[in-house]
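Colleague: The file below is work.cif, mmCIF, C-alpha atoms:
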data_data
#
loop_
_atom_site.label_atom_id
_atom_site.label_comp_id
_atom_site.auth_asym_id
_atom_site.auth_seq_id
_atom_site.Cartn_x
_atom_site.Cartn_y
_atom_site.Cartn_z
CA MET M 1 0.00 0.00 0.00
CA ASN M 2 2.82 2.40 0.81
CA ASN M 3 4.43 1.83 -2.59
CA THR M 4 1.08 2.36 -4.30
CA THR M 5 0.63 5.64 -2.43
CA ILE M 6 4.09 6.85 -3.40
CA ASP M 7 3.50 5.93 -7.03
CA TYR M 8 0.18 7.76 -7.03
CA VAL M 9 1.75 10.89 -5.54
CA ASP M 10 4.48 10.83 -8.17
CA PHE M 11 1.92 10.34 -10.92
CA ALA M 12 -0.21 13.20 -9.59
CA GLU M 13 2.84 15.50 -9.53
CA TYR M 14 3.74 14.50 -13.08
CA ASP M 15 0.18 15.13 -14.23
CA ARG M 16 0.18 18.54 -12.52
CA ARG M 17 3.42 19.52 -14.28
CA GLN M 18 2.10 18.39 -17.65
CA ARG M 19 -1.08 20.39 -17.21
CA ALA M 20 0.96 23.45 -16.22
CA ILE M 21 3.06 23.07 -19.38
CA GLU M 22 -0.10 22.78 -21.51
CA ARG M 23 -1.57 25.91 -19.93
CA HIS M 24 1.69 27.76 -20.49
CA LEU M 25 1.75 26.79 -24.18
CA VAL M 26 -1.83 27.93 -24.71
CA THR M 27 -1.24 31.17 -22.79
CA ALA M 28 1.88 31.96 -24.84
CA PHE M 29 0.00 31.35 -28.08
CA LEU M 30 -3.06 33.39 -27.10
CA GLY M 31 -0.88 36.14 -25.63
CA GLY M 32 0.97 36.45 -28.93
CA LEU M 33 -2.29 36.65 -30.85
CA VAL M 34 -3.73 39.35 -28.58
CA VAL M 35 -0.57 41.45 -28.59
CA GLY M 36 -0.22 41.17 -32.37
CA VAL M 37 -3.82 42.06 -33.14
CA LEU M 38 -3.86 44.97 -30.69
CA GLY M 39 -0.64 46.26 -32.18
CA MET M 40 -2.22 46.45 -35.61
CA LEU M 41 -5.54 47.83 -34.40
CA LEU M 42 -3.82 50.58 -32.39
CA SER M 43 -1.30 51.40 -35.11
CA GLY M 44 -1.60 55.04 -36.10
CA ILE M 45 -3.97 55.80 -33.22
CA GLY M 46 -2.84 58.20 -30.54
CA PRO M 47 0.52 59.95 -30.17
CA ARG M 48 3.53 58.79 -32.15
CA TRP M 49 5.47 57.81 -29.02
CA PHE M 50 2.81 55.22 -28.15
CA GLY M 51 3.43 53.29 -31.35
CA GLN M 52 7.19 53.59 -30.93
CA ILE M 53 7.01 52.01 -27.49
CA TYR M 54 4.41 49.38 -28.34
CA ASP M 55 6.48 48.14 -31.29
CA PRO M 56 8.62 46.34 -30.29
CA TYR M 57 8.74 46.72 -26.51
CA VAL M 58 5.33 45.27 -25.69
CA TYR M 59 6.30 42.26 -27.85
CA LEU M 60 9.57 41.98 -25.94
CA ALA M 61 7.75 42.23 -22.60
CA LEU M 62 5.54 39.30 -23.66
CA SER M 63 8.62 37.27 -24.57
CA LEU M 64 10.24 38.01 -21.20
CA ALA M 65 7.09 37.01 -19.33
CA VAL M 66 6.78 33.77 -21.29
CA GLY M 67 10.43 32.87 -20.86
CA VAL M 68 10.72 33.58 -17.15
CA SER M 69 7.58 31.52 -16.38
CA ALA M 70 8.59 28.46 -18.44
CA SER M 71 9.10 25.11 -16.71
CA GLY M 72 12.43 24.39 -18.40
CA PHE M 73 14.97 25.76 -20.85
CA GLY M 74 13.58 23.71 -23.73
CA TRP M 75 10.04 24.81 -22.97
CA ALA M 76 11.24 28.42 -22.74
CA LEU M 77 12.56 28.09 -26.29
CA VAL M 78 9.36 26.47 -27.57
CA THR M 79 6.90 28.82 -25.89
CA THR M 80 8.88 31.96 -26.68
CA PHE M 81 9.10 30.98 -30.35
CA LEU M 82 5.39 30.12 -30.33
CA ALA M 83 4.49 33.50 -28.85
CA ALA M 84 6.71 35.30 -31.39
CA VAL M 85 5.25 33.44 -34.35
CA SER M 86 1.65 33.88 -33.20
CA THR M 87 2.31 37.60 -32.74
CA LEU M 88 3.65 37.87 -36.28
CA VAL M 89 0.80 35.80 -37.75
CA ALA M 90 -1.81 37.89 -35.94
CA ALA M 91 -0.16 41.13 -37.07
CA LEU M 92 0.05 39.94 -40.69
CA GLY M 93 -3.56 38.77 -40.59
CA ALA M 94 -4.82 42.06 -39.22
CA THR M 95 -2.77 43.95 -41.80
CA ALA M 96 -4.05 41.77 -44.66
CA LEU M 97 -7.64 42.49 -43.64
CA SER M 98 -6.91 46.17 -44.10
CA GLY M 99 -5.62 45.50 -47.64
CA ASP M 100 -1.90 45.81 -46.89
CA GLN M 101 0.39 42.87 -47.69
CA ALA M 102 3.55 44.28 -46.09
CA PHE M 103 5.83 41.93 -44.16
CA ASP M 104 7.43 44.70 -42.11
CA VAL M 105 4.47 45.20 -39.79
CA ILE M 106 6.70 44.47 -36.78
CA GLY M 107 10.02 46.20 -36.42
CA GLY M 108 9.28 48.89 -39.01
CA SER M 109 11.30 47.25 -41.80
CA ALA M 110 12.36 43.85 -43.11
CA VAL M 111 15.64 44.07 -41.20
CA GLY M 112 13.82 45.32 -38.13
CA LEU M 113 11.41 42.39 -38.35
CA ASN M 114 14.24 39.84 -38.37
CA TRP M 115 15.99 41.66 -35.53
CA THR M 116 12.81 41.79 -33.45
CA LEU M 117 11.94 38.09 -33.94
CA GLY M 118 15.47 37.04 -33.06
CA LEU M 119 15.47 39.31 -30.05
CA LEU M 120 12.13 37.89 -28.89
CA VAL M 121 13.45 34.34 -28.76
CA VAL M 122 16.83 35.25 -27.25
CA LEU M 123 15.28 37.41 -24.54
CA GLY M 124 12.84 34.65 -23.65
CA LEU M 125 15.70 32.20 -23.12
CA LEU M 126 17.70 34.74 -21.13
CA ALA M 127 14.64 35.48 -18.99
CA TYR M 128 14.46 31.81 -18.04
CA VAL M 129 18.16 31.77 -17.10
CA THR M 130 17.61 34.74 -14.74
CA ARG M 131 15.76 32.35 -12.44
CA ARG M 132 19.18 31.02 -11.41
CA ASP M 133 20.70 32.52 -8.26
CA ASP M 134 24.30 32.23 -9.43
CA GLY M 135 26.53 34.26 -11.72
CA TRP M 136 24.85 32.93 -14.86
CA GLY M 137 21.61 34.53 -13.70
CA ASP M 138 23.45 37.84 -13.29
CA VAL M 139 24.93 37.51 -16.78
CA ALA M 140 21.51 36.76 -18.28
CA ALA M 141 19.89 39.74 -16.54
CA GLY M 142 22.72 42.00 -17.68
CA ALA M 143 22.42 40.75 -21.26
CA ILE M 144 18.67 41.49 -21.25
CA GLY M 145 19.26 45.05 -20.13
CA ALA M 146 22.07 45.48 -22.66
CA ALA M 147 19.94 44.17 -25.54
CA LEU M 148 17.15 46.62 -24.72
CA ILE M 149 19.53 49.56 -24.30
CA THR M 150 21.30 48.70 -27.56
CA ASP M 151 17.95 48.63 -29.35
CA VAL M 152 17.19 52.08 -27.91
CA VAL M 153 20.56 53.38 -29.12
CA ASP M 154 19.90 51.91 -32.57
CA ARG M 155 16.50 53.59 -32.80
CA CYS M 156 17.55 57.06 -31.67
CA THR M 157 20.88 57.28 -33.56
CA PRO M 158 20.74 58.70 -37.12
CA GLY M 159 22.33 56.38 -39.67
CA PHE M 160 21.83 53.20 -37.65
CA ILE M 161 19.61 50.34 -38.86
CA ASP M 162 16.34 51.65 -37.37
CA GLY M 163 17.43 55.25 -36.78
CA ASP M 164 14.51 57.56 -36.00
CA GLN M 165 15.30 60.96 -34.49
CA SER M 166 11.75 61.31 -33.14
CA PHE M 167 12.51 58.43 -30.78
CA TRP M 168 14.71 60.79 -28.77
CA PRO M 169 14.37 61.90 -26.01
CA GLY M 170 11.00 60.85 -24.59
CA PRO M 171 10.55 57.23 -25.74
CA ALA M 172 14.29 56.51 -25.58
CA VAL M 173 14.71 57.73 -22.01
CA SER M 174 11.53 55.97 -20.87
CA VAL M 175 12.52 52.61 -22.34
CA GLY M 176 16.10 52.98 -21.08
CA LEU M 177 14.92 53.57 -17.52
CA LEU M 178 12.49 50.65 -17.77
CA ALA M 179 15.34 48.43 -18.99
CA LEU M 180 17.45 49.34 -15.96
CA GLY M 181 14.48 48.78 -13.67
CA LEU M 182 13.90 45.37 -15.26
CA VAL M 183 17.50 44.34 -14.58
CA PHE M 184 17.10 45.47 -10.98
CA PHE M 185 13.83 43.52 -10.65
CA LEU M 186 15.22 40.28 -12.11
CA ARG M 187 17.90 39.91 -9.42
CA ARG M 188 17.03 39.02 -5.83
CA ASN M 189 19.88 40.58 -3.86
CA ALA M 190 22.01 43.73 -3.88
CA GLY M 191 25.16 41.97 -5.08
CA GLY M 192 23.40 40.35 -8.00
CA ARG M 193 21.80 43.65 -8.97
CA VAL M 194 25.13 45.48 -8.96
CA ARG M 195 26.79 42.77 -11.04
CA ALA M 196 23.88 42.63 -13.49
CA LEU M 197 23.83 46.41 -13.96
CA ALA M 198 27.59 46.48 -14.48
CA MET M 199 27.31 43.72 -17.07
CA SER M 200 24.49 45.62 -18.78
CA ALA M 201 26.78 48.62 -19.19
CA VAL M 202 29.66 46.52 -20.54
CA PHE M 203 27.49 44.45 -22.87
CA ALA M 204 25.60 47.53 -24.13
CA ALA M 205 28.87 49.26 -25.01
CA LEU M 206 30.10 46.12 -26.80
CA PHE M 207 26.82 45.57 -28.68
CA THR M 208 26.66 49.23 -29.71
CA PHE M 209 30.25 49.11 -31.00
CA CYS M 210 29.46 45.99 -33.04
CA LEU M 211 26.29 47.62 -34.40
CA ALA M 212 28.20 50.75 -35.39
CA ALA M 213 30.90 48.64 -37.04
CA PHE M 214 28.24 46.73 -38.98
CA VAL M 215 26.57 49.90 -40.19
CA ALA M 216 29.95 51.43 -41.12
CA GLY M 217 30.77 48.41 -43.26
CA TRP M 218 33.61 47.06 -41.14
CA PHE M 219 32.06 43.60 -41.21
CA PRO M 220 31.90 41.67 -44.51
CA LEU M 221 28.15 41.09 -44.09
CA ALA M 222 27.54 44.81 -44.37
CA ALA M 223 29.00 44.97 -47.84
#
Show me the file's structure as structure tokens.

Modeller:
Amino acid sequence: MNNTTIDYVDFAEYDRRQRAIERHLVTAFLGGLVVGVLGMLLSGIGPRWFGQIYDPYVYLALSLAVGVSASGFGWALVTTFLAAVSTLVAALGATALSGDQAFDVIGGSAVGLNWTLGLLVVLGLLAYVTRRDDGWGDVAAGAIGAALITDVVDRCTPGFIDGDQSFWPGPAVSVGLLALGLVFFLRRNAGGRVRALAMSAVFAALFTFCLAAFVAGWFPLAA
């Protein structure tokens, strides 16, 4: 009887975990659909800064939420990719209904679309790693902050990939402060927060240098 009880408890725990994974998959998919559709419906409505912040930072926030709540690294990859794809499909569908067949509905351009989709998946994986209490969690949190800050620099710097002078100063400063606050929130102690913020600064400088080198044609891919 004792063995039967133990087996039943183990089975019940396994069933609970499977149901949690199923709910997470469905939530990621539906969340992507809602965010994508709302992004298209609200496009062009309200002040310009609202659209600049919604695309892509609401999409990135969804990816972070999906990744940090995943039950494992593999599931973080699957659910983050699912949320990203459902967001894109919903945005394309809403755009097609309005008679526009453009594929740059997210990110503002074809290059911006690829950058945003890649960033969505990478940030989701990094968000899951931030659940660790060791140095790898600090590195992941710092990388998340650096990726967001680098994207801000790209958007508000003339001549960069997505350069848009209207993004500075309001939207750029707001997103930059939110990125720093996110890094602070993702770590659970003062030491981890200091290390993560320091890594954000170092990584952001490195990413920005690489981005500038790419735009300047220093890398062969830019030719």

Colleague: Have a look at atom CA of M:Val183 and atom CA of M:Asp138 and let me know their distance in Å, one decimal.

Modeller: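 Interatomic distance, atom CA of M:Val183 to atom CA of M:Asp138: 8.9 Å.
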
Colleague: What does the distance between atom CA of M:Ser174 and atom CA of M:Gly145 come to in Å, to one decimal place?

Modeller: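 Result for atom CA of M:Ser174 versus atom CA of M:Gly145: 13.4 Å, one decimal.
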
Colleague: Restricting the calculation to only C-alpha atoms: of M:Thr80, M:Leu41, M:Ala141, M:Arg48, which residue gets closest to M:Thr27?

Modeller: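 Result for the nearest residue to M:Thr27: M:Thr80.
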
Colleague: Can you tell me which residues surround M:Ile144 at a distance of at most 9 Å, considering all atoms listed in the file, apart from same-chain residues fewer than 6 positions away, and format the answer as an mmCIF file with C-alpha atoms, in the coordinates of the input?

Modeller:
data_model
loop_
_atom_site.group_PDB
_atom_site.id
_atom_site.type_symbol
_atom_site.label_atom_id
_atom_site.label_comp_id
_atom_site.auth_asym_id
_atom_site.auth_seq_id
_atom_site.Cartn_x
_atom_site.Cartn_y
_atom_site.Cartn_z
ATOM 1 C CA VAL M 122 16.830 35.250 -27.250
ATOM 2 C CA LEU M 123 15.280 37.410 -24.540
ATOM 3 C CA LEU M 126 17.700 34.740 -21.130
ATOM 4 C CA ALA M 127 14.640 35.480 -18.990
ATOM 5 C CA ALA M 179 15.340 48.430 -18.990
ATOM 6 C CA LEU M 182 13.900 45.370 -15.260
ATOM 7 C CA VAL M 183 17.500 44.340 -14.580
ATOM 8 C CA SER M 200 24.490 45.620 -18.780
#

Colleague: Would you mind listing what lies within 9 Å of M:Ala204 as a PyMOL selection string, with only C-alpha atoms counted and same-chain residues fewer than 4 positions away left out?

Modeller: chain M and resi 142-143+145-150+199-200+208-209

Colleague: Taking the file as I've supplied it (selection: the PyMOL selection byres ((chain M and resi 131-136) around 10)), which residues are included? Please answer as a list in words.

Modeller: Gly67, Val68, Ser69, Leu126, Ala127, Tyr128, Val129, Thr130, Gly137, Asp138, Val139, Ala140, Ala141, Gly142, Leu186, Arg187, Arg188, Asn189, Gly192, Arg195 and Ala196 of chain M

Colleague: Please measure the separation of atom CA of M:Thr87 and atom CA of M:Arg19, giving the value in Å to one decimal.

Modeller: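 Spanning atom CA of M:Thr87 to atom CA of M:Arg19 is a straight-line distance of 23.4 Å.
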
Colleague: Can you work out which one of M:Phe29, M:Phe185, M:Tyr57, M:Trp49 has the shortest atom-to-atom distance to M:Phe81, counting only C-alpha atoms?

Modeller: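 Closest to M:Phe81 of all the choices is M:Phe29.
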
Colleague: Between M:Phe184, M:Trp115, M:Tyr59, M:Trp75, which one has atoms that come closest to M:Gly36, using all atoms listed in the file?

Modeller: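 Among the listed residues, M:Tyr59 lies closest to M:Gly36.
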
Colleague: If we draw a sphere of 10 Å around (8.7, 50.2, -31.0), which residues have at least one atom in it when counting only C-alpha atoms? Please report them as a PyMOL selection string.

Modeller: chain M and resi 49-60+106-108+116+151-152+155+167+171+175

Colleague: Could you dump the residues just selected with C-alpha atoms as a tab-separated table (two decimals), keeping the file's coordinate frame?

Modeller:
chain	number	residue	atom	x	y	z
M	49	TRP	CA	5.47	57.81	-29.02
M	50	PHE	CA	2.81	55.22	-28.15
M	51	GLY	CA	3.43	53.29	-31.35
M	52	GLN	CA	7.19	53.59	-30.93
M	53	ILE	CA	7.01	52.01	-27.49
M	54	TYR	CA	4.41	49.38	-28.34
M	55	ASP	CA	6.48	48.14	-31.29
M	56	PRO	CA	8.62	46.34	-30.29
M	57	TYR	CA	8.74	46.72	-26.51
M	58	VAL	CA	5.33	45.27	-25.69
M	59	TYR	CA	6.30	42.26	-27.85
M	60	LEU	CA	9.57	41.98	-25.94
M	106	ILE	CA	6.70	44.47	-36.78
M	107	GLY	CA	10.02	46.20	-36.42
M	108	GLY	CA	9.28	48.89	-39.01
M	116	THR	CA	12.81	41.79	-33.45
M	151	ASP	CA	17.95	48.63	-29.35
M	152	VAL	CA	17.19	52.08	-27.91
M	155	ARG	CA	16.50	53.59	-32.80
M	167	PHE	CA	12.51	58.43	-30.78
M	171	PRO	CA	10.55	57.23	-25.74
M	175	VAL	CA	12.52	52.61	-22.34

Colleague: For M:Ala84, list every protein, DNA or RNA residue within 8 Å, evaluated using all atoms listed in the file, and leave out those in the same chain fewer than 6 positions away; present the list as number ranges by chain.

Modeller: M: 32, 59, 63, 117, 120-121

Colleague: Could you check which of M:Val9, M:Leu125, M:Val85, M:Met40 is closest to M:Ala65, using only C-alpha atoms?

Modeller: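 So, comparing all the options, the nearest one is M:Leu125.
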
Colleague: Between M:Gln18, M:Leu62, M:Phe160, M:Leu119, which residue has the minimum interatomic distance to M:Phe214, considering all atoms listed in the file?

Modeller: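 Residue with the minimum atom-to-atom distance to M:Phe214: M:Phe160.
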
Colleague: If you apply the PyMOL selection byres ((chain M and resi 91) around 6) to this file, what residues do you get, as a PDB file with C-alpha atoms, in the frame of the given file?

Modeller:
ATOM      1  CA  GLY M  36      -0.220  41.170 -32.370  1.00  0.00           C
ATOM      2  CA  VAL M  37      -3.820  42.060 -33.140  1.00  0.00           C
ATOM      3  CA  MET M  40      -2.220  46.450 -35.610  1.00  0.00           C
ATOM      4  CA  LEU M  88       3.650  37.870 -36.280  1.00  0.00           C
ATOM      5  CA  VAL M  89       0.800  35.800 -37.750  1.00  0.00           C
ATOM      6  CA  ALA M  90      -1.810  37.890 -35.940  1.00  0.00           C
ATOM      7  CA  LEU M  92       0.050  39.940 -40.690  1.00  0.00           C
ATOM      8  CA  GLY M  93      -3.560  38.770 -40.590  1.00  0.00           C
ATOM      9  CA  ALA M  94      -4.820  42.060 -39.220  1.00  0.00           C
TER      10      ALA M  94
END
